$ cat model.csv   # CSV, C-alpha atoms and all ligand atoms
chain,number,residue,atom,x,y,z
A,1,MET,CA,3.0,-0.1,17.7
A,2,LYS,CA,-0.4,-0.1,19.4
A,3,LYS,CA,-2.1,-0.1,16.0
A,4,ILE,CA,0.1,-3.0,14.8
A,5,ARG,CA,-0.9,-5.0,17.8
A,6,LEU,CA,-4.5,-4.4,17.0
A,7,TYR,CA,-3.9,-5.7,13.4
A,8,ASP,CA,-2.0,-8.7,14.8
A,9,GLU,CA,-5.0,-9.5,17.0
A,10,SER,CA,-7.7,-9.0,14.3
A,11,ALA,CA,-5.9,-10.3,11.2
A,12,LYS,CA,-8.3,-13.1,10.4
A,13,SER,CA,-11.4,-11.1,11.0
A,14,TYR,CA,-9.9,-8.1,9.1
A,15,HIS,CA,-9.4,-10.4,6.1
A,16,ASN,CA,-12.9,-11.7,6.0
A,17,ARG,CA,-14.6,-8.5,6.8
A,18,TYR,CA,-12.7,-6.2,4.4
A,19,LEU,CA,-12.0,-8.6,1.5
A,20,GLN,CA,-14.5,-7.1,-0.9
A,21,ILE,CA,-14.1,-3.5,0.1
A,22,GLN,CA,-10.3,-3.5,-0.2
A,23,GLN,CA,-10.4,-5.5,-3.4
A,24,THR,CA,-12.6,-2.7,-4.9
A,25,LYS,CA,-9.9,-0.1,-4.0
A,26,TYR,CA,-7.0,-2.2,-5.5
A,27,GLN,CA,-9.1,-2.8,-8.6
A,28,ALA,CA,-9.6,1.0,-9.0
A,29,ILE,CA,-5.9,1.9,-8.7
A,30,VAL,CA,-4.5,-1.0,-10.7
A,31,THR,CA,-5.8,0.4,-14.0
A,32,TYR,CA,-3.3,3.3,-13.7
A,33,LEU,CA,-0.3,1.1,-13.1
A,34,ILE,CA,2.2,0.4,-15.8
A,35,GLU,CA,5.4,-1.2,-14.6
A,36,SER,CA,6.8,-3.9,-12.3
A,37,PRO,CA,8.0,-4.5,-9.7
A,38,VAL,CA,5.4,-3.1,-7.3
A,39,LEU,CA,6.1,-2.1,-3.7
A,40,ASP,CA,2.9,-2.4,-1.6
A,41,VAL,CA,3.5,-0.6,1.7
A,42,GLY,CA,1.0,-2.0,4.3
A,43,ILE,CA,0.1,-5.0,2.2
A,44,GLY,CA,-1.9,-6.4,5.1
A,45,THR,CA,-3.3,-9.9,4.5
A,46,GLY,CA,-2.6,-9.6,0.7
A,47,ILE,CA,-6.1,-8.7,-0.3
A,48,GLY,CA,-4.7,-6.7,-3.2
A,49,LEU,CA,-2.5,-9.5,-4.6
A,50,SER,CA,-5.1,-10.7,-7.1
A,51,ALA,CA,-5.5,-7.2,-8.6
A,52,LEU,CA,-1.7,-6.8,-8.6
A,53,PHE,CA,-1.0,-10.3,-10.0
A,54,ASP,CA,-0.1,-9.1,-13.5
A,55,PHE,CA,2.4,-6.7,-12.0
A,56,ARG,CA,4.6,-9.2,-10.3
A,57,PRO,CA,7.2,-9.1,-8.7
A,58,VAL,CA,5.3,-7.6,-5.8
A,59,ILE,CA,7.1,-6.7,-2.6
A,60,GLY,CA,4.8,-6.4,0.3
A,61,VAL,CA,5.7,-4.6,3.5
A,62,ASP,CA,3.7,-4.7,6.7
A,63,GLY,CA,4.4,-4.2,10.4
A,64,SER,CA,2.0,-6.9,11.4
A,65,VAL,CA,3.4,-10.4,11.3
A,66,GLU,CA,-0.1,-11.9,11.7
A,67,MET,CA,-1.5,-10.0,8.7
A,68,LEU,CA,1.5,-11.2,6.7
A,69,ARG,CA,1.0,-14.8,7.9
A,70,ILE,CA,-2.4,-14.7,6.2
A,71,ALA,CA,-0.9,-13.2,3.0
A,72,LEU,CA,1.6,-16.0,3.0
A,73,GLU,CA,-1.2,-18.6,3.2
A,74,LEU,CA,-2.8,-16.9,0.2
A,75,ILE,CA,0.4,-17.1,-1.8
A,76,LYS,CA,0.8,-20.8,-1.1
A,77,ASP,CA,-2.6,-21.4,-2.7
A,78,PHE,CA,-1.5,-19.7,-6.0
A,79,LYS,CA,-0.9,-22.3,-8.6
A,80,PRO,CA,1.7,-22.7,-9.9
A,81,ARG,CA,3.5,-21.8,-6.6
A,82,ASP,CA,4.5,-18.2,-7.0
A,83,GLU,CA,8.0,-17.1,-6.1
A,84,SER,CA,7.6,-13.5,-7.3
A,85,ILE,CA,5.8,-12.2,-4.3
A,86,MET,CA,8.0,-11.2,-1.4
A,87,LEU,CA,6.7,-10.3,2.1
A,88,VAL,CA,8.8,-8.2,4.4
A,89,VAL,CA,8.1,-7.3,8.1
A,90,ALA,CA,9.0,-3.6,8.4
A,91,SER,CA,7.8,-0.2,9.4
A,92,ALA,CA,6.2,2.0,6.7
A,93,GLU,CA,8.0,4.8,8.4
A,94,MET,CA,11.4,3.2,7.9
A,95,LEU,CA,11.4,1.1,4.7
A,96,PRO,CA,14.3,-1.3,4.3
A,97,PHE,CA,15.1,-0.3,0.7
A,98,ARG,CA,17.5,1.9,-1.2
A,99,ASN,CA,16.4,5.2,-2.6
A,100,HIS,CA,14.3,5.4,-5.7
A,101,VAL,CA,14.3,1.8,-6.7
A,102,PHE,CA,10.6,1.0,-7.4
A,103,PRO,CA,8.8,2.1,-10.6
A,104,THR,CA,5.5,1.5,-8.8
A,105,VAL,CA,4.6,2.1,-5.2
A,106,VAL,CA,1.1,1.6,-3.7
A,107,SER,CA,-0.2,2.1,-0.2
A,108,ILE,CA,-3.9,1.4,0.3
A,109,THR,CA,-5.7,2.5,3.5
A,110,VAL,CA,-2.5,2.6,5.5
A,111,LEU,CA,-1.3,6.2,6.1
A,112,GLN,CA,-4.0,7.0,8.6
A,113,ASN,CA,-2.6,4.4,10.9
A,114,LEU,CA,0.9,5.8,11.1
A,115,THR,CA,2.2,7.7,14.1
A,116,ASP,CA,4.1,10.0,11.8
A,117,ILE,CA,2.1,10.3,8.5
A,118,SER,CA,4.5,12.8,7.0
A,119,GLN,CA,7.4,10.4,7.6
A,120,GLY,CA,5.4,7.6,6.0
A,121,ILE,CA,4.9,9.8,2.9
A,122,GLN,CA,8.6,10.7,2.8
A,123,GLU,CA,9.4,7.0,2.8
A,124,LEU,CA,7.0,6.4,-0.1
A,125,GLU,CA,8.7,9.2,-2.0
A,126,ARG,CA,12.1,7.9,-1.2
A,127,ALA,CA,11.2,4.4,-2.5
A,128,ILE,CA,9.7,5.6,-5.8
A,129,GLN,CA,11.8,6.1,-9.0
A,130,ALA,CA,11.8,9.3,-10.9
A,131,ASP,CA,9.0,8.8,-13.5
A,132,GLY,CA,7.4,6.1,-11.3
A,133,ILE,CA,3.8,5.9,-10.3
A,134,LEU,CA,2.6,6.2,-6.7
A,135,ALA,CA,-0.9,5.3,-5.6
A,136,VAL,CA,-2.1,6.2,-2.2
A,137,THR,CA,-5.4,6.0,-0.5
A,138,THR,CA,-6.4,6.7,3.1
A,139,LEU,CA,-9.6,6.7,5.2
A,140,ALA,CA,-11.4,9.9,4.2
A,141,LYS,CA,-12.6,10.6,7.7
A,142,THR,CA,-9.0,10.9,9.0
A,143,LEU,CA,-7.1,12.6,6.2
A,144,SER,CA,-8.2,14.9,3.4
A,145,LEU,CA,-6.7,14.8,-0.1
A,146,GLN,CA,-5.4,18.3,0.4
A,147,GLU,CA,-3.5,17.2,3.5
A,148,ILE,CA,-1.9,14.3,1.6
A,149,GLU,CA,-1.0,16.5,-1.4
A,150,GLU,CA,0.6,19.1,0.9
A,151,MET,CA,2.8,16.5,2.4
A,152,LEU,CA,4.2,15.4,-0.9
A,153,HIS,CA,7.5,17.0,-1.8
A,154,LEU,CA,8.3,15.5,-5.2
A,155,GLU,CA,7.6,17.1,-8.5
A,156,PHE,CA,4.6,15.2,-9.8
A,157,ALA,CA,1.6,15.2,-12.1
A,158,ILE,CA,-1.7,14.0,-10.7
A,159,LEU,CA,-3.2,11.2,-12.9
A,160,THR,CA,-6.4,11.0,-10.8
A,161,ARG,CA,-8.0,11.7,-7.5
A,162,PHE,CA,-10.4,9.5,-5.7
A,163,HIS,CA,-13.2,10.8,-3.4
A,164,ASN,CA,-15.0,8.3,-1.3
A,165,LEU,CA,-13.5,5.3,-3.0
A,166,ALA,CA,-15.5,2.2,-1.9
A,167,ASN,CA,-17.4,4.7,0.3
A,168,GLU,CA,-14.5,5.4,2.6
A,169,ASP,CA,-11.2,6.3,1.1
A,170,ASN,CA,-9.7,9.4,-0.5
A,171,GLY,CA,-6.8,8.8,-2.7
A,172,LEU,CA,-4.6,10.0,-5.5
A,173,ILE,CA,-2.4,8.5,-8.2
A,174,ILE,CA,0.6,10.6,-9.2
A,175,LYS,CA,3.4,10.3,-11.8
A,176,VAL,CA,6.7,11.4,-10.4
A,177,LEU,CA,8.4,13.9,-12.7
A,178,LYS,CA,11.6,14.4,-10.8
A,179,GLU,CA,13.1,13.0,-7.5
B,201,LIG,C1,-6.4,-1.1,6.8
B,201,LIG,S1,-5.0,-2.2,6.6
B,201,LIG,C2,-4.8,-2.2,4.9
B,201,LIG,C3,-4.1,-3.4,4.4
B,201,LIG,C4,-4.1,-3.6,2.8
B,201,LIG,N1,-3.4,-2.5,2.2
B,201,LIG,C5,-5.5,-3.7,2.4
B,201,LIG,O1,-6.0,-2.9,1.6
B,201,LIG,O2,-6.1,-4.7,2.7
B,201,LIG,C6,-3.6,-1.3,7.2
B,201,LIG,C7,-2.3,-2.1,7.2
B,201,LIG,O3,-1.3,-1.2,7.6
B,201,LIG,C8,-0.4,-1.9,8.4
B,201,LIG,N2,0.3,-0.9,9.2
B,201,LIG,C9,-0.2,0.0,10.1
B,201,LIG,N3,0.8,0.8,10.6
B,201,LIG,C10,2.0,0.3,10.0
B,201,LIG,C11,3.3,0.7,10.1
B,201,LIG,N4,3.7,1.7,10.9
B,201,LIG,N5,4.2,0.1,9.4
B,201,LIG,C12,3.9,-0.9,8.5
B,201,LIG,N6,2.6,-1.3,8.4
B,201,LIG,C13,1.7,-0.7,9.1
B,201,LIG,C14,-1.3,-2.8,9.3
B,201,LIG,O4,-0.6,-3.8,9.9
B,201,LIG,C15,-2.3,-3.2,8.3
B,201,LIG,O5,-1.9,-4.4,7.6
$ encode --input "model.csv" --output "structure tokens" --more "lines below"
Ligand SMILES: C[S@@+](CC[C@H](N)C(=O)[O-])C[C@H]1O[C@@H](n2cnc3c(N)ncnc32)[C@H](O)[C@@H]1O
Amino acid sequence: MKKIRLYDESAKSYHNRYLQIQQTKYQAIVTYLIESPVLDVGIGTGIGLSALFDFRPVIGVDGSVEMLRIALELIKDFKPRDESIMLVVASAEMLPFRNHVFPTVVSITVLQNLTDISQGIQELERAIQADGILAVTTLAKTLSLQEIEEMLHLEFAILTRFHNLANEDNGLIIKVLKE
């Protein structure tokens, strides 16, 4: 909750400061995506929406109302007005969705913020469909790729690993083989 409050307080400066760097990360992962809809867990101010545009519908979840408020402003500027982007205020550790309903789940630079990272990963795994694609990145200084991989319980094939993506994130993209 403390971290969410920090994001609430810094939403506008976050957006301006990290626009380019976060866009680089989304552009790197988007080339591996195949199917819609996309669930973006920790969508923040919607920096990734331009990269994810062709994969609409996009359902974006975030715990910070102020981050989502900026994402909402971005969507309003899309022409024609876009109804296929939905924003949901919720915890990444307790996603308000049924099991295994999304063919694509992404979470970019979010896990390191969670109080219970393993619970956050379990929720990503619960949301993804069998044969779906899951893309996760986290700040390299807080979490290693090995730690992330060890927390995954699904059967999966690794499509790619990222080291120092945009000079700060580790990440991986997996294809789920079995729930
Ligand atoms: C570094 S930002 C990344 C935002 C977006 N993915 C991007 O790349 O610009 C981390 C985001 O995770 C959200 N967040 C942190 N902890 C969360 C939690 N427990 N549940 C939901 N969202 C959370 C924050 O509000 C923030 O928007």
$ residues_around --input "model.csv" --residues "stretch 96-100 of chain A" --least-positions-apart "4" --cutoff "8 Å" --atoms "only C-alpha atoms" --output "list in words"
Ala90, Glu125, Arg126, Ala127, Ile128, Gln129, Ala130 and Glu179 of chain A
$ residues_around --input "model.csv" --residues "stretch 145-148 of chain A" --least-positions-apart "2" --cutoff "8 Å" --atoms "all atoms listed in the file" --output "PyMOL selection string"
chain A and resi 143+150-152+170-172
$ residues_near_point --input "model.csv" --point "(-0.5, -7.0, -7.2)" --cutoff "12 Å" --atoms "only C-alpha atoms" --output "MDAnalysis selection string"
chainID A and resid 23 26:27 29:31 33:41 43 46:60 71 75 84:86 104:108
$ closest_atom_pairs --input "model.csv" --of "chain A" --to "ligand LIG 201 (chain B)" --cutoff "6 Å" --atoms "all atoms listed in the file" --output "Markdown table"
| residue | atom | partner | partner_atom | distance |
| --- | --- | --- | --- | --- |
| A:Ile4 | CA | B:LIG201 | O4 | 5.0 |
| A:Tyr7 | CA | B:LIG201 | O4 | 5.2 |
| A:Gln22 | CA | B:LIG201 | O1 | 4.7 |
| A:Gly42 | CA | B:LIG201 | O3 | 4.1 |
| A:Ile43 | CA | B:LIG201 | N1 | 4.3 |
| A:Gly44 | CA | B:LIG201 | O5 | 3.2 |
| A:Ile47 | CA | B:LIG201 | O2 | 5.0 |
| A:Asp62 | CA | B:LIG201 | N6 | 4.0 |
| A:Gly63 | CA | B:LIG201 | C12 | 3.8 |
| A:Ser64 | CA | B:LIG201 | O4 | 4.3 |
| A:Met67 | CA | B:LIG201 | O5 | 5.7 |
| A:Ala90 | CA | B:LIG201 | C12 | 5.8 |
| A:Ser91 | CA | B:LIG201 | N5 | 3.6 |
| A:Ala92 | CA | B:LIG201 | N5 | 3.9 |
| A:Glu93 | CA | B:LIG201 | N4 | 5.9 |
| A:Ile108 | CA | B:LIG201 | N1 | 4.4 |
| A:Thr109 | CA | B:LIG201 | C1 | 4.9 |
| A:Val110 | CA | B:LIG201 | C6 | 4.4 |
| A:Asn113 | CA | B:LIG201 | N3 | 5.0 |
| A:Leu114 | CA | B:LIG201 | N4 | 5.0 |
$ closest_residue --input "model.csv" --among "A:Val65, A:Glu149, A:Met94, A:Glu73" --to "A:Arg5" --atoms "only C-alpha atoms"
A:Val65
$ closest_residue --input "model.csv" --among "A:Gln20, A:Thr45, A:Gln122, A:Thr115" --to "A:Lys2" --atoms "only C-alpha atoms"
A:Thr115
$ closest_residue --input "model.csv" --among "A:Glu168, A:Glu66, A:Asp116, A:Asp77" --to "A:Ser144" --atoms "all atoms listed in the file"
A:Glu168
